[in-house]
>>> print(open('my_file.pdb').read())   # PDB, C-alpha atoms
MODEL        1
ATOM      1  CA  MET A   1       0.000   0.000   0.000
ATOM      2  CA  ASN A   2       1.335   3.395  -0.962
ATOM      3  CA  TYR A   3       0.907   5.480   2.206
ATOM      4  CA  LYS A   4       2.267   8.643   0.577
ATOM      5  CA  LYS A   5      -0.772   8.635  -1.687
ATOM      6  CA  TYR A   6      -2.990   9.107   1.359
ATOM      7  CA  LEU A   7      -0.824  11.797   2.992
ATOM      8  CA  PRO A   8      -3.291  14.615   2.069
ATOM      9  CA  SER A   9      -6.087  12.690   3.841
ATOM     10  CA  ILE A  10      -3.967  12.105   6.937
ATOM     11  CA  ILE A  11      -2.905  15.758   7.115
ATOM     12  CA  THR A  12      -6.388  17.211   6.557
ATOM     13  CA  GLY A  13      -7.918  14.654   8.940
ATOM     14  CA  PHE A  14      -5.456  15.674  11.639
ATOM     15  CA  GLY A  15      -6.165  19.346  10.882
ATOM     16  CA  ALA A  16      -9.906  18.727  11.253
ATOM     17  CA  ALA A  17      -9.307  17.067  14.632
ATOM     18  CA  VAL A  18      -7.231  20.030  15.816
ATOM     19  CA  LEU A  19      -9.942  22.491  14.696
ATOM     20  CA  SER A  20     -12.644  20.468  16.435
ATOM     21  CA  THR A  21     -10.935  21.040  19.804
ATOM     22  CA  ILE A  22     -11.592  24.798  19.542
ATOM     23  CA  PRO A  23     -14.988  25.211  21.259
ATOM     24  CA  GLY A  24     -16.246  28.277  19.326
ATOM     25  CA  LEU A  25     -15.162  26.944  15.971
ATOM     26  CA  LYS A  26     -16.679  23.537  16.701
ATOM     27  CA  SER A  27     -20.151  24.944  17.292
ATOM     28  CA  LEU A  28     -19.849  27.412  14.404
ATOM     29  CA  ASN A  29     -18.930  24.759  11.868
ATOM     30  CA  CYS A  30     -21.423  22.075  12.895
ATOM     31  CA  CYS A  31     -20.879  19.329  10.341
ATOM     32  CA  LEU A  32     -18.620  21.347   8.051
ATOM     33  CA  ILE A  33     -15.089  20.609   9.316
ATOM     34  CA  VAL A  34     -14.682  16.971   8.250
ATOM     35  CA  PRO A  35     -16.475  17.256   4.852
ATOM     36  CA  VAL A  36     -14.328  20.301   4.034
ATOM     37  CA  ALA A  37     -11.224  18.353   5.134
ATOM     38  CA  ALA A  38     -12.197  15.474   2.820
ATOM     39  CA  PHE A  39     -12.772  17.923  -0.035
ATOM     40  CA  LEU A  40      -9.401  19.524   0.681
ATOM     41  CA  SER A  41      -7.638  16.142   0.667
ATOM     42  CA  LEU A  42      -8.942  15.434  -2.847
ATOM     43  CA  TYR A  43      -7.963  18.921  -3.976
ATOM     44  CA  LEU A  44      -4.460  18.538  -2.509
ATOM     45  CA  TYR A  45      -4.087  15.122  -4.117
ATOM     46  CA  ASN A  46      -4.931  16.599  -7.521
ATOM     47  CA  ARG A  47      -2.543  19.503  -6.980
ATOM     48  CA  THR A  48       0.401  17.418  -5.753
ATOM     49  CA  MET A  49      -0.010  14.829  -8.510
ATOM     50  CA  GLY A  50      -0.663  17.493 -11.147
ATOM     51  CA  ASP A  51      -3.583  15.326 -12.175
ATOM     52  CA  ASP A  52      -6.476  17.143 -13.866
ATOM     53  CA  SER A  53      -8.377  14.017 -14.862
ATOM     54  CA  PRO A  54     -11.841  13.565 -13.298
ATOM     55  CA  ILE A  55     -11.853  12.051  -9.807
ATOM     56  CA  LYS A  56     -13.355   8.560  -9.665
ATOM     57  CA  LEU A  57     -15.931   7.428  -7.137
ATOM     58  CA  ASN A  58     -13.651   4.945  -5.343
ATOM     59  CA  ARG A  59     -10.959   7.580  -4.873
ATOM     60  CA  ALA A  60     -13.460  10.134  -3.540
ATOM     61  CA  LEU A  61     -14.890   7.611  -1.069
ATOM     62  CA  SER A  62     -11.535   6.217   0.071
ATOM     63  CA  TYR A  63     -10.021   9.681   0.601
ATOM     64  CA  GLY A  64     -13.150  10.793   2.476
ATOM     65  CA  LEU A  65     -13.152   7.654   4.612
ATOM     66  CA  ILE A  66      -9.471   7.958   5.544
ATOM     67  CA  THR A  67      -9.890  11.656   6.350
ATOM     68  CA  GLY A  68     -12.879  10.806   8.554
ATOM     69  CA  LEU A  69     -11.112   7.941  10.334
ATOM     70  CA  VAL A  70      -7.965   9.983  11.004
ATOM     71  CA  ALA A  71     -10.098  12.895  12.228
ATOM     72  CA  ALA A  72     -12.120  10.518  14.463
ATOM     73  CA  PHE A  73      -8.993   8.967  15.981
ATOM     74  CA  PHE A  74      -7.354  12.289  16.827
ATOM     75  CA  THR A  75     -10.621  13.977  17.881
ATOM     76  CA  SER A  76     -11.276  11.175  20.393
ATOM     77  CA  LEU A  77      -7.661  11.234  21.548
ATOM     78  CA  PHE A  78      -7.607  15.025  22.042
ATOM     79  CA  ASP A  79     -10.975  14.968  23.781
ATOM     80  CA  LEU A  80      -9.900  12.234  26.219
ATOM     81  CA  LEU A  81      -6.536  13.903  26.807
ATOM     82  CA  ILE A  82      -8.066  17.325  27.505
ATOM     83  CA  THR A  83     -10.695  15.712  29.749
ATOM     84  CA  TYR A  84      -7.986  13.833  31.666
ATOM     85  CA  LEU A  85      -5.853  16.947  32.149
ATOM     86  CA  THR A  86      -8.640  19.388  33.044
ATOM     87  CA  HIS A  87     -11.113  16.968  34.690
ATOM     88  CA  SER A  88     -13.772  18.805  32.680
ATOM     89  CA  ASN A  89     -15.387  18.823  29.242
ATOM     90  CA  ASP A  90     -18.582  19.869  27.417
ATOM     91  CA  LEU A  91     -20.551  17.173  29.248
ATOM     92  CA  VAL A  92     -19.453  18.444  32.680
ATOM     93  CA  THR A  93     -20.034  22.116  31.911
ATOM     94  CA  GLY A  94     -23.336  21.533  30.138
ATOM     95  CA  LEU A  95     -24.890  19.165  32.687
ATOM     96  CA  GLN A  96     -26.581  21.823  34.826
ATOM     97  CA  GLN A  97     -28.016  23.538  31.737
ATOM     98  CA  SER A  98     -29.364  20.219  30.421
ATOM     99  CA  GLU A  99     -30.933  19.419  33.802
ATOM    100  CA  ASP A 100     -32.626  22.816  33.998
ATOM    101  CA  PHE A 101     -33.977  22.386  30.486
ATOM    102  CA  MET A 102     -35.277  18.882  31.130
ATOM    103  CA  ASN A 103     -36.998  20.034  34.320
ATOM    104  CA  GLN A 104     -38.759  22.832  32.419
ATOM    105  CA  PHE A 105     -40.364  20.497  29.937
ATOM    106  CA  ASN A 106     -40.875  17.427  32.116
ATOM    107  CA  LEU A 107     -39.833  15.078  29.324
ATOM    108  CA  GLY A 108     -40.540  11.832  31.147
ATOM    109  CA  PRO A 109     -38.726   8.909  32.810
ATOM    110  CA  LEU A 110     -36.375   8.268  29.880
ATOM    111  CA  MET A 111     -34.894  11.725  30.271
ATOM    112  CA  ASP A 112     -34.563  11.277  34.041
ATOM    113  CA  GLN A 113     -32.590   8.098  33.493
ATOM    114  CA  SER A 114     -30.451   9.800  30.831
ATOM    115  CA  ILE A 115     -29.647  12.581  33.272
ATOM    116  CA  LYS A 116     -28.731  10.021  35.942
ATOM    117  CA  LEU A 117     -26.355   8.315  33.522
ATOM    118  CA  MET A 118     -24.798  11.645  32.594
ATOM    119  CA  GLU A 119     -24.367  12.499  36.270
ATOM    120  CA  GLU A 120     -22.518   9.238  36.841
ATOM    121  CA  MET A 121     -20.148   9.987  33.951
ATOM    122  CA  VAL A 122     -19.615  13.538  35.166
ATOM    123  CA  LYS A 123     -18.805  12.291  38.698
ATOM    124  CA  GLU A 124     -16.167   9.906  37.339
ATOM    125  CA  ILE A 125     -14.655  12.623  35.128
ATOM    126  CA  GLU A 126     -14.506  15.159  37.942
ATOM    127  CA  LYS A 127     -12.947  12.589  40.264
ATOM    128  CA  SER A 128     -10.355  10.901  38.062
ATOM    129  CA  GLY A 129     -10.516  12.713  34.709
ATOM    130  CA  PHE A 130     -11.640   9.562  32.945
ATOM    131  CA  SER A 131     -14.892   7.698  32.418
ATOM    132  CA  ALA A 132     -14.775   4.405  30.524
ATOM    133  CA  LEU A 133     -18.380   4.791  29.374
ATOM    134  CA  TYR A 134     -17.693   8.306  28.116
ATOM    135  CA  ALA A 135     -14.542   7.117  26.312
ATOM    136  CA  VAL A 136     -16.398   4.293  24.565
ATOM    137  CA  MET A 137     -19.316   6.569  23.738
ATOM    138  CA  ILE A 138     -17.264   9.334  22.126
ATOM    139  CA  SER A 139     -14.955   6.915  20.285
ATOM    140  CA  LEU A 140     -17.860   4.961  18.769
ATOM    141  CA  SER A 141     -19.709   8.122  17.826
ATOM    142  CA  ASN A 142     -16.657   9.819  16.365
ATOM    143  CA  PHE A 143     -15.610   6.844  14.251
ATOM    144  CA  PHE A 144     -19.121   6.288  12.912
ATOM    145  CA  ILE A 145     -20.196   9.886  12.270
ATOM    146  CA  LEU A 146     -16.898  11.314  11.066
ATOM    147  CA  SER A 147     -16.237   8.475   8.629
ATOM    148  CA  VAL A 148     -19.759   8.868   7.167
ATOM    149  CA  PHE A 149     -19.373  12.638   6.863
ATOM    150  CA  GLY A 150     -15.849  12.191   5.495
ATOM    151  CA  MET A 151     -17.202  10.013   2.688
ATOM    152  CA  LEU A 152     -19.997  12.504   2.065
ATOM    153  CA  GLY A 153     -17.379  15.272   1.899
ATOM    154  CA  GLY A 154     -15.429  13.143  -0.587
ATOM    155  CA  LEU A 155     -18.530  12.792  -2.775
ATOM    156  CA  ILE A 156     -19.251  16.530  -2.636
ATOM    157  CA  GLY A 157     -15.581  17.234  -3.354
ATOM    158  CA  MET A 158     -15.722  14.932  -6.359
ATOM    159  CA  ALA A 159     -18.864  16.711  -7.598
ATOM    160  CA  ILE A 160     -17.327  20.190  -7.281
ATOM    161  CA  LEU A 161     -13.824  19.357  -8.517
ATOM    162  CA  ASN A 162     -15.137  17.377 -11.485
ATOM    163  CA  LYS A 163     -17.390  20.295 -12.427
ATOM    164  CA  ARG A 164     -14.401  22.630 -12.247
ATOM    165  CA  ASN A 165     -12.228  20.279 -14.289
ATOM    166  CA  ARG A 166     -15.070  19.826 -16.801
ATOM    167  CA  PRO A 167     -14.679  16.191 -17.788
ATOM    168  CA  HIS A 168     -15.555  15.324 -21.363
ATOM    169  CA  ILE A 169     -17.778  12.299 -20.958
TER     170      ILE A 169
ATOM    171  CA  MET B 170     -23.695 -20.043 -26.070
ATOM    172  CA  ASN B 171     -22.147 -19.914 -22.621
ATOM    173  CA  SER B 172     -19.859 -17.091 -23.616
ATOM    174  CA  ILE B 173     -22.851 -15.097 -24.927
ATOM    175  CA  VAL B 174     -24.636 -15.525 -21.588
ATOM    176  CA  GLU B 175     -21.467 -14.565 -19.687
ATOM    177  CA  ASN B 176     -20.966 -11.499 -21.895
ATOM    178  CA  THR B 177     -24.575 -10.409 -21.346
ATOM    179  CA  GLU B 178     -24.189 -10.855 -17.578
ATOM    180  CA  LEU B 179     -20.922  -8.947 -17.643
ATOM    181  CA  LYS B 180     -22.491  -6.129 -19.651
ATOM    182  CA  THR B 181     -25.382  -5.922 -17.192
ATOM    183  CA  TYR B 182     -22.918  -5.939 -14.287
ATOM    184  CA  LEU B 183     -20.824  -3.213 -15.847
ATOM    185  CA  ASN B 184     -23.827  -1.211 -17.011
ATOM    186  CA  PRO B 185     -23.445   2.247 -15.443
ATOM    187  CA  GLN B 186     -27.219   2.625 -15.242
ATOM    188  CA  SER B 187     -27.669  -0.434 -13.017
ATOM    189  CA  LYS B 188     -24.697   0.618 -10.900
ATOM    190  CA  LEU B 189     -26.215   4.064 -10.486
ATOM    191  CA  SER B 190     -29.547   2.554  -9.479
ATOM    192  CA  ALA B 191     -27.830   0.397  -6.856
ATOM    193  CA  PHE B 192     -25.988   3.451  -5.546
ATOM    194  CA  LYS B 193     -29.219   5.468  -5.367
ATOM    195  CA  TYR B 194     -31.023   2.745  -3.399
ATOM    196  CA  LEU B 195     -28.088   2.356  -1.011
ATOM    197  CA  PHE B 196     -27.786   6.109  -0.510
ATOM    198  CA  LEU B 197     -31.542   6.407   0.067
ATOM    199  CA  PHE B 198     -31.478   3.553   2.583
ATOM    200  CA  LEU B 199     -28.627   5.150   4.532
ATOM    201  CA  THR B 200     -30.315   8.566   4.477
ATOM    202  CA  VAL B 201     -33.594   7.094   5.740
ATOM    203  CA  LEU B 202     -31.646   5.331   8.509
ATOM    204  CA  TRP B 203     -29.903   8.580   9.417
ATOM    205  CA  CYS B 204     -33.187  10.536   9.499
ATOM    206  CA  ALA B 205     -34.855   7.798  11.552
ATOM    207  CA  GLY B 206     -32.045   8.107  14.094
ATOM    208  CA  PHE B 207     -32.688  11.748  14.902
ATOM    209  CA  MET B 208     -36.468  11.227  14.900
ATOM    210  CA  LEU B 209     -36.387   8.156  17.159
ATOM    211  CA  PRO B 210     -36.905   9.998  20.486
ATOM    212  CA  VAL B 211     -40.188  11.507  19.243
ATOM    213  CA  LEU B 212     -41.781   8.103  18.700
ATOM    214  CA  PRO B 213     -44.598   7.591  21.242
ATOM    215  CA  ASP B 214     -43.408   4.100  22.179
ATOM    216  CA  PHE B 215     -39.691   4.791  22.199
ATOM    217  CA  SER B 216     -38.540   2.565  25.017
ATOM    218  CA  GLY B 217     -34.826   2.805  24.342
ATOM    219  CA  LYS B 218     -32.512   2.547  27.300
ATOM    220  CA  PRO B 219     -30.964   5.805  28.519
ATOM    221  CA  ILE B 220     -27.620   4.773  27.071
ATOM    222  CA  VAL B 221     -29.188   4.426  23.590
ATOM    223  CA  HIS B 222     -30.751   7.870  23.909
ATOM    224  CA  GLN B 223     -27.495   9.308  25.203
ATOM    225  CA  LEU B 224     -25.484   7.694  22.409
ATOM    226  CA  LEU B 225     -27.911   8.986  19.768
ATOM    227  CA  LYS B 226     -27.844  12.461  21.299
ATOM    228  CA  TYR B 227     -24.057  12.463  21.362
ATOM    229  CA  ASN B 228     -23.881  11.126  17.777
ATOM    230  CA  TYR B 229     -25.977  13.944  16.428
ATOM    231  CA  SER B 230     -24.223  16.521  18.627
ATOM    232  CA  LEU B 231     -21.158  15.929  16.444
ATOM    233  CA  VAL B 232     -22.987  17.279  13.410
ATOM    234  CA  CYS B 233     -25.367  19.787  15.016
ATOM    235  CA  HIS B 234     -25.305  22.244  17.923
ATOM    236  CA  GLN B 235     -28.721  20.869  19.070
ATOM    237  CA  SER B 236     -29.699  24.224  20.561
ATOM    238  CA  GLU B 237     -33.088  23.926  22.299
ATOM    239  CA  SER B 238     -34.350  27.220  20.868
ATOM    240  CA  ALA B 239     -33.414  26.214  17.306
ATOM    241  CA  SER B 240     -34.878  22.707  17.387
ATOM    242  CA  ILE B 241     -38.186  21.383  16.158
ATOM    243  CA  TYR B 242     -40.545  19.891  18.741
ATOM    244  CA  LEU B 243     -43.157  17.257  18.081
ATOM    245  CA  GLY B 244     -45.331  17.422  21.151
ATOM    246  CA  ASN B 245     -42.954  17.510  24.104
ATOM    247  CA  ASP B 246     -40.181  15.733  22.283
ATOM    248  CA  GLN B 247     -37.249  17.430  20.622
ATOM    249  CA  LEU B 248     -35.661  16.221  17.387
ATOM    250  CA  LEU B 249     -31.977  15.481  17.899
ATOM    251  CA  VAL B 250     -30.930  18.047  15.263
ATOM    252  CA  CYS B 251     -31.821  21.714  14.756
ATOM    253  CA  ALA B 252     -34.378  23.070  12.245
ATOM    254  CA  ARG B 253     -31.686  23.889   9.660
ATOM    255  CA  CYS B 254     -30.161  20.400   9.799
ATOM    256  CA  SER B 255     -33.648  18.840   9.645
ATOM    257  CA  GLY B 256     -34.231  20.874   6.478
ATOM    258  CA  ILE B 257     -30.923  19.736   4.958
ATOM    259  CA  TYR B 258     -31.742  16.055   5.543
ATOM    260  CA  ALA B 259     -35.337  16.471   4.365
ATOM    261  CA  GLY B 260     -34.113  18.113   1.136
ATOM    262  CA  ALA B 261     -31.598  15.346   0.563
ATOM    263  CA  LEU B 262     -34.214  12.672   1.208
ATOM    264  CA  LEU B 263     -36.705  14.229  -1.200
ATOM    265  CA  ILE B 264     -34.151  14.484  -4.030
ATOM    266  CA  LEU B 265     -33.042  10.889  -3.437
ATOM    267  CA  LEU B 266     -36.671   9.749  -3.688
ATOM    268  CA  LEU B 267     -37.227  11.804  -6.846
ATOM    269  CA  ALA B 268     -33.987  10.469  -8.325
ATOM    270  CA  LEU B 269     -35.456   6.965  -8.278
ATOM    271  CA  ILE B 270     -38.188   8.151 -10.646
ATOM    272  CA  LYS B 271     -36.299  10.623 -12.803
ATOM    273  CA  SER B 272     -32.665  11.075 -13.778
ATOM    274  CA  PHE B 273     -31.126  14.552 -13.378
ATOM    275  CA  SER B 274     -28.200  16.193 -15.104
ATOM    276  CA  ILE B 275     -26.395  19.504 -14.612
ATOM    277  CA  LYS B 276     -24.381  20.849 -17.517
ATOM    278  CA  TYR B 277     -20.958  21.770 -16.127
ATOM    279  CA  SER B 278     -22.003  24.654 -13.949
ATOM    280  CA  LEU B 279     -21.623  25.416 -10.271
ATOM    281  CA  LYS B 280     -24.083  28.329 -10.442
ATOM    282  CA  PRO B 281     -27.126  26.383  -9.124
ATOM    283  CA  LEU B 282     -25.017  25.174  -6.189
ATOM    284  CA  PHE B 283     -24.121  28.742  -5.192
ATOM    285  CA  LEU B 284     -27.645  29.997  -5.905
ATOM    286  CA  PHE B 285     -29.371  27.422  -3.710
ATOM    287  CA  SER B 286     -26.718  27.611  -0.968
ATOM    288  CA  ALA B 287     -26.974  31.416  -0.783
ATOM    289  CA  PRO B 288     -30.201  31.528   1.336
ATOM    290  CA  LEU B 289     -28.578  29.345   3.993
ATOM    291  CA  ALA B 290     -25.359  31.375   4.033
ATOM    292  CA  ILE B 291     -27.230  34.710   4.088
ATOM    293  CA  ASP B 292     -29.610  33.539   6.830
ATOM    294  CA  ALA B 293     -26.783  32.197   9.028
ATOM    295  CA  LEU B 294     -24.754  35.390   8.513
ATOM    296  CA  ALA B 295     -27.733  37.686   9.191
ATOM    297  CA  ILE B 296     -28.457  35.869  12.472
ATOM    298  CA  ARG B 297     -24.799  36.042  13.521
ATOM    299  CA  LEU B 298     -24.712  39.784  12.751
ATOM    300  CA  GLY B 299     -27.989  40.300  14.632
ATOM    301  CA  ILE B 300     -29.857  41.711  11.614
ATOM    302  CA  TYR B 301     -32.864  39.568  12.532
ATOM    303  CA  SER B 302     -33.579  36.823  15.034
ATOM    304  CA  TYR B 303     -33.550  33.111  14.312
ATOM    305  CA  SER B 304     -36.630  31.727  12.596
ATOM    306  CA  LYS B 305     -37.141  27.979  12.480
ATOM    307  CA  ILE B 306     -39.194  28.258   9.271
ATOM    308  CA  ILE B 307     -36.487  30.216   7.400
ATOM    309  CA  ALA B 308     -33.794  27.869   8.725
ATOM    310  CA  LEU B 309     -35.813  24.835   7.662
ATOM    311  CA  ILE B 310     -36.459  26.179   4.130
ATOM    312  CA  SER B 311     -32.903  27.421   3.529
ATOM    313  CA  GLY B 312     -31.556  24.089   4.837
ATOM    314  CA  PHE B 313     -33.962  22.208   2.590
ATOM    315  CA  LEU B 314     -32.721  24.057  -0.523
ATOM    316  CA  PHE B 315     -29.092  23.452   0.433
ATOM    317  CA  GLY B 316     -29.577  19.731   1.139
ATOM    318  CA  ALA B 317     -31.495  19.246  -2.084
ATOM    319  CA  VAL B 318     -28.958  20.943  -4.357
ATOM    320  CA  LEU B 319     -26.011  19.196  -2.690
ATOM    321  CA  ILE B 320     -27.437  15.711  -3.280
ATOM    322  CA  PHE B 321     -28.327  16.756  -6.820
ATOM    323  CA  TYR B 322     -24.638  17.415  -7.495
ATOM    324  CA  VAL B 323     -23.482  14.275  -5.719
ATOM    325  CA  LEU B 324     -25.825  12.079  -7.809
ATOM    326  CA  ASP B 325     -24.806  13.809 -11.025
ATOM    327  CA  SER B 326     -21.144  13.384 -10.204
ATOM    328  CA  VAL B 327     -21.552   9.709  -9.282
ATOM    329  CA  LYS B 328     -23.400   9.144 -12.574
ATOM    330  CA  ASN B 329     -20.512  10.751 -14.477
ATOM    331  CA  SER B 330     -18.040   8.682 -12.509
ATOM    332  CA  PHE B 331     -19.785   5.407 -13.441
ATOM    333  CA  HIS B 332     -19.893   6.418 -17.105
ATOM    334  CA  LEU B 333     -16.199   7.296 -16.928
ATOM    335  CA  LEU B 334     -15.370   3.970 -15.307
ATOM    336  CA  ASN B 335     -17.342   2.146 -17.966
ATOM    337  CA  LYS B 336     -15.519   4.041 -20.692
ATOM    338  CA  ASN B 337     -12.117   3.092 -19.264
ATOM    339  CA  ILE B 338     -12.858  -0.650 -19.064
TER     340      ILE B 338
ENDMDL
END
>>> encode(input="my_file.pdb", output="structure tokens")
Amino acid sequence: MNYKKYLPSIITGFGAAVLSTIPGLKSLNCCLIVPVAAFLSLYLYNRTMGDDSPIKLNRALSYGLITGLVAAFFTSLFDLLITYLTHSNDLVTGLQQSEDFMNQFNLGPLMDQSIKLMEEMVKEIEKSGFSALYAVMISLSNFFILSVFGMLGGLIGMAILNKRNRPHI
Amino acid sequence: MNSIVENTELKTYLNPQSKLSAFKYLFLFLTVLWCAGFMLPVLPDFSGKPIVHQLLKYNYSLVCHQSESASIYLGNDQLLVCARCSGIYAGALLILLLALIKSFSIKYSLKPLFLFSAPLAIDALAIRLGIYSYSKIIALISGFLFGAVLIFYVLDSVKNSFHLLNKNI
């Protein structure tokens, strides 16, 4: 396997993970960071190879997937590391707000149980900086969501770059 | 005789039209699954365990800010994504359904993409600048247009990619 070929994906995936640690930027970009990173990886591949031929579906999907997986790995790692060092994260800081909101609407027993589960995770994080359940939850979510959105970004990148390159089909 | 049958099977297998159909069905299935995920908590008999609800909530928090004031409510229950994201997925779903009936094509232009994305960009910018306050209806409609046009391009690009692949074989 030629790893150099996938260097743009690895770099942009890592970049996306770094950006996702910035709280303001994370909320501002919603689902934009990883798809844009996947798009950028395809663009960089074309630029570094000097290849103007239309991007094929398998390349778009594989570059998107690798970008998403790299981003998921580093996002989870950074999140766990920051949580371990600071004994705090979005879950800890947002717990009170979530509880207040739930109490306003009286959303039922399911919500009460969810809050209880969150409180348990928050207790563990505040005590030791690590919660196994939280770690599993964010890793699973990151790997699933970011790889899907990476592939979607690859498809959108293929659509835009192929339109720009104007393939003669 | 055997070789004729094999050739016919091979032609059918390599036929870009059948490949595109398979892709459309797969994409539609995944989109329906994705939309069902964020609508699951509003089901009247949703008896998922708190961990399932928490996992779903966390999953969708990666792609949406899930602000309470920007979300759609069905009864007392909140969708797991905001109005704008709901619009994006609804637009994508509608185009995927329409694509099963009719084939679309865009002639080498990115203008429709910019045109249909503009309402979303303008709305988001106007809210950030405080020109007017957030409206769920505007967010839903602008998201819908954006989601629809994006999938339009993705399908068109995938179609071109299959034709290209077929040409190269």
>>> residues_around(input="my_file.pdb", residues="stretch 240-255 of chain B", least_positions_apart="6", cutoff="6 Å", atoms="all atoms listed in the file", output="PyMOL selection string")
chain B and resi 207-208+211+233+305+308-309+312
>>> resolve_selection(input="my_file.pdb", expression="the PyMOL selection byres ((chain B) within 6 of (chain A))", output="ChimeraX atom specification")
/B:219,228,232-234,277,322-323,326,330
>>> closest_residue(input="my_file.pdb", among="A:Ser88, A:Ser76, A:Thr48, A:Ser128", to="A:Val18", atoms="all atoms listed in the file")
A:Ser76
>>> atom_distance(input="my_file.pdb", atom1="atom CA of B:Asp325", atom2="atom CA of B:Leu265")
11.6 Å
>>> closest_residue(input="my_file.pdb", among="A:Val70, A:Val122, A:Thr83, A:Tyr43", to="A:Leu95", atoms="all atoms listed in the file")
A:Val122
>>> resolve_selection(input="my_file.pdb", expression="the PyMOL selection byres ((chain B and resi 225) around 9)", output="PyMOL selection string")
(chain A and resi 141) or (chain B and resi 206-207+209+220-224+226-230+249)
>>> atom_distance(input="my_file.pdb", atom1="atom CA of B:Leu212", atom2="atom CA of A:Val92")
28.3 Å
>>> resolve_selection(input="my_file.pdb", expression="the PyMOL selection byres ((chain B and resi 292) around 10)", output="ChimeraX atom specification")
/B:287-291,293-298,300-304,307-308,311-312
>>> residues_near_point(input="my_file.pdb", point="(-27.5, 18.3, -13.0)", cutoff="12 Å", atoms="all atoms listed in the file", output="PyMOL selection string")
(chain A and resi 159-160+163) or (chain B and resi 264+268+271-282+317-329)
>>> residues_around(input="my_file.pdb", residues="stretch 3-13 of chain A", least_positions_apart="6", cutoff="10 Å", atoms="only C-alpha atoms", output="ChimeraX atom specification")
/A:19,33-46,48-49,62-75,146,150
>>> residues_around(input="my_file.pdb", residues="A:Gly129", least_positions_apart="4", cutoff="12 Å", atoms="all atoms listed in the file", output="MDAnalysis selection string")
chainID A and resid 79:89 92 121:125 134:135
>>> axis_aligned_box(input="my_file.pdb", around="stretch 8-26 of chain A", padding_each_side="4 Å", output="lines of an AutoDock Vina configuration file")
center_x = -9.8
center_y = 20.2
center_z = 11.7
size_x = 21.8
size_y = 24.2
size_z = 27.2
>>> closest_residue(input="my_file.pdb", among="A:Phe130, A:Met151, A:Glu119, A:Phe78", to="A:Gln96", atoms="all atoms listed in the file")
A:Glu119
>>> atom_distance(input="my_file.pdb", atom1="atom CA of B:Phe315", atom2="atom CA of B:Ile257")
6.1 Å
>>> closest_residue(input="my_file.pdb", among="B:Ala261, B:Gly256, B:Gln235, B:Pro185", to="B:Thr200", atoms="only C-alpha atoms")
B:Ala261
>>> decode(input="my_file.pdb", residues="stretch 315-324 of chain B", atoms="N, CA, C and O atoms", output="PDB file, in the first residue's frame")
ATOM      1  N   PHE B 315     -30.514  23.822   0.431  1.00  0.00           N
ATOM      2  CA  PHE B 315     -29.092  23.452   0.433  1.00  0.00           C
ATOM      3  C   PHE B 315     -28.916  21.932   0.327  1.00  0.00           C
ATOM      4  O   PHE B 315     -28.136  21.438  -0.500  1.00  0.00           O
ATOM      5  N   GLY B 316     -29.667  21.200   1.151  1.00  0.00           N
ATOM      6  CA  GLY B 316     -29.577  19.731   1.139  1.00  0.00           C
ATOM      7  C   GLY B 316     -29.963  19.161  -0.208  1.00  0.00           C
ATOM      8  O   GLY B 316     -29.317  18.233  -0.715  1.00  0.00           O
ATOM      9  N   ALA B 317     -31.007  19.747  -0.801  1.00  0.00           N
ATOM     10  CA  ALA B 317     -31.495  19.246  -2.084  1.00  0.00           C
ATOM     11  C   ALA B 317     -30.454  19.438  -3.189  1.00  0.00           C
ATOM     12  O   ALA B 317     -30.136  18.503  -3.926  1.00  0.00           O
ATOM     13  N   VAL B 318     -29.906  20.655  -3.258  1.00  0.00           N
ATOM     14  CA  VAL B 318     -28.958  20.943  -4.357  1.00  0.00           C
ATOM     15  C   VAL B 318     -27.652  20.151  -4.186  1.00  0.00           C
ATOM     16  O   VAL B 318     -27.052  19.705  -5.172  1.00  0.00           O
ATOM     17  N   LEU B 319     -27.256  19.933  -2.943  1.00  0.00           N
ATOM     18  CA  LEU B 319     -26.011  19.196  -2.690  1.00  0.00           C
ATOM     19  C   LEU B 319     -26.120  17.746  -3.173  1.00  0.00           C
ATOM     20  O   LEU B 319     -25.222  17.235  -3.845  1.00  0.00           O
ATOM     21  N   ILE B 320     -27.238  17.109  -2.867  1.00  0.00           N
ATOM     22  CA  ILE B 320     -27.437  15.711  -3.280  1.00  0.00           C
ATOM     23  C   ILE B 320     -27.588  15.621  -4.798  1.00  0.00           C
ATOM     24  O   ILE B 320     -27.121  14.676  -5.425  1.00  0.00           O
ATOM     25  N   PHE B 321     -28.194  16.644  -5.367  1.00  0.00           N
ATOM     26  CA  PHE B 321     -28.327  16.756  -6.820  1.00  0.00           C
ATOM     27  C   PHE B 321     -26.943  16.652  -7.490  1.00  0.00           C
ATOM     28  O   PHE B 321     -26.744  15.900  -8.437  1.00  0.00           O
ATOM     29  N   TYR B 322     -26.004  17.414  -6.952  1.00  0.00           N
ATOM     30  CA  TYR B 322     -24.638  17.415  -7.495  1.00  0.00           C
ATOM     31  C   TYR B 322     -23.936  16.084  -7.246  1.00  0.00           C
ATOM     32  O   TYR B 322     -23.210  15.590  -8.101  1.00  0.00           O
ATOM     33  N   VAL B 323     -24.134  15.544  -6.051  1.00  0.00           N
ATOM     34  CA  VAL B 323     -23.482  14.275  -5.719  1.00  0.00           C
ATOM     35  C   VAL B 323     -23.959  13.182  -6.685  1.00  0.00           C
ATOM     36  O   VAL B 323     -23.145  12.452  -7.257  1.00  0.00           O
ATOM     37  N   LEU B 324     -25.274  13.105  -6.912  1.00  0.00           N
ATOM     38  CA  LEU B 324     -25.825  12.079  -7.809  1.00  0.00           C
ATOM     39  C   LEU B 324     -25.314  12.264  -9.236  1.00  0.00           C
ATOM     40  O   LEU B 324     -24.959  11.301  -9.911  1.00  0.00           O
TER      41      LEU B 324
END
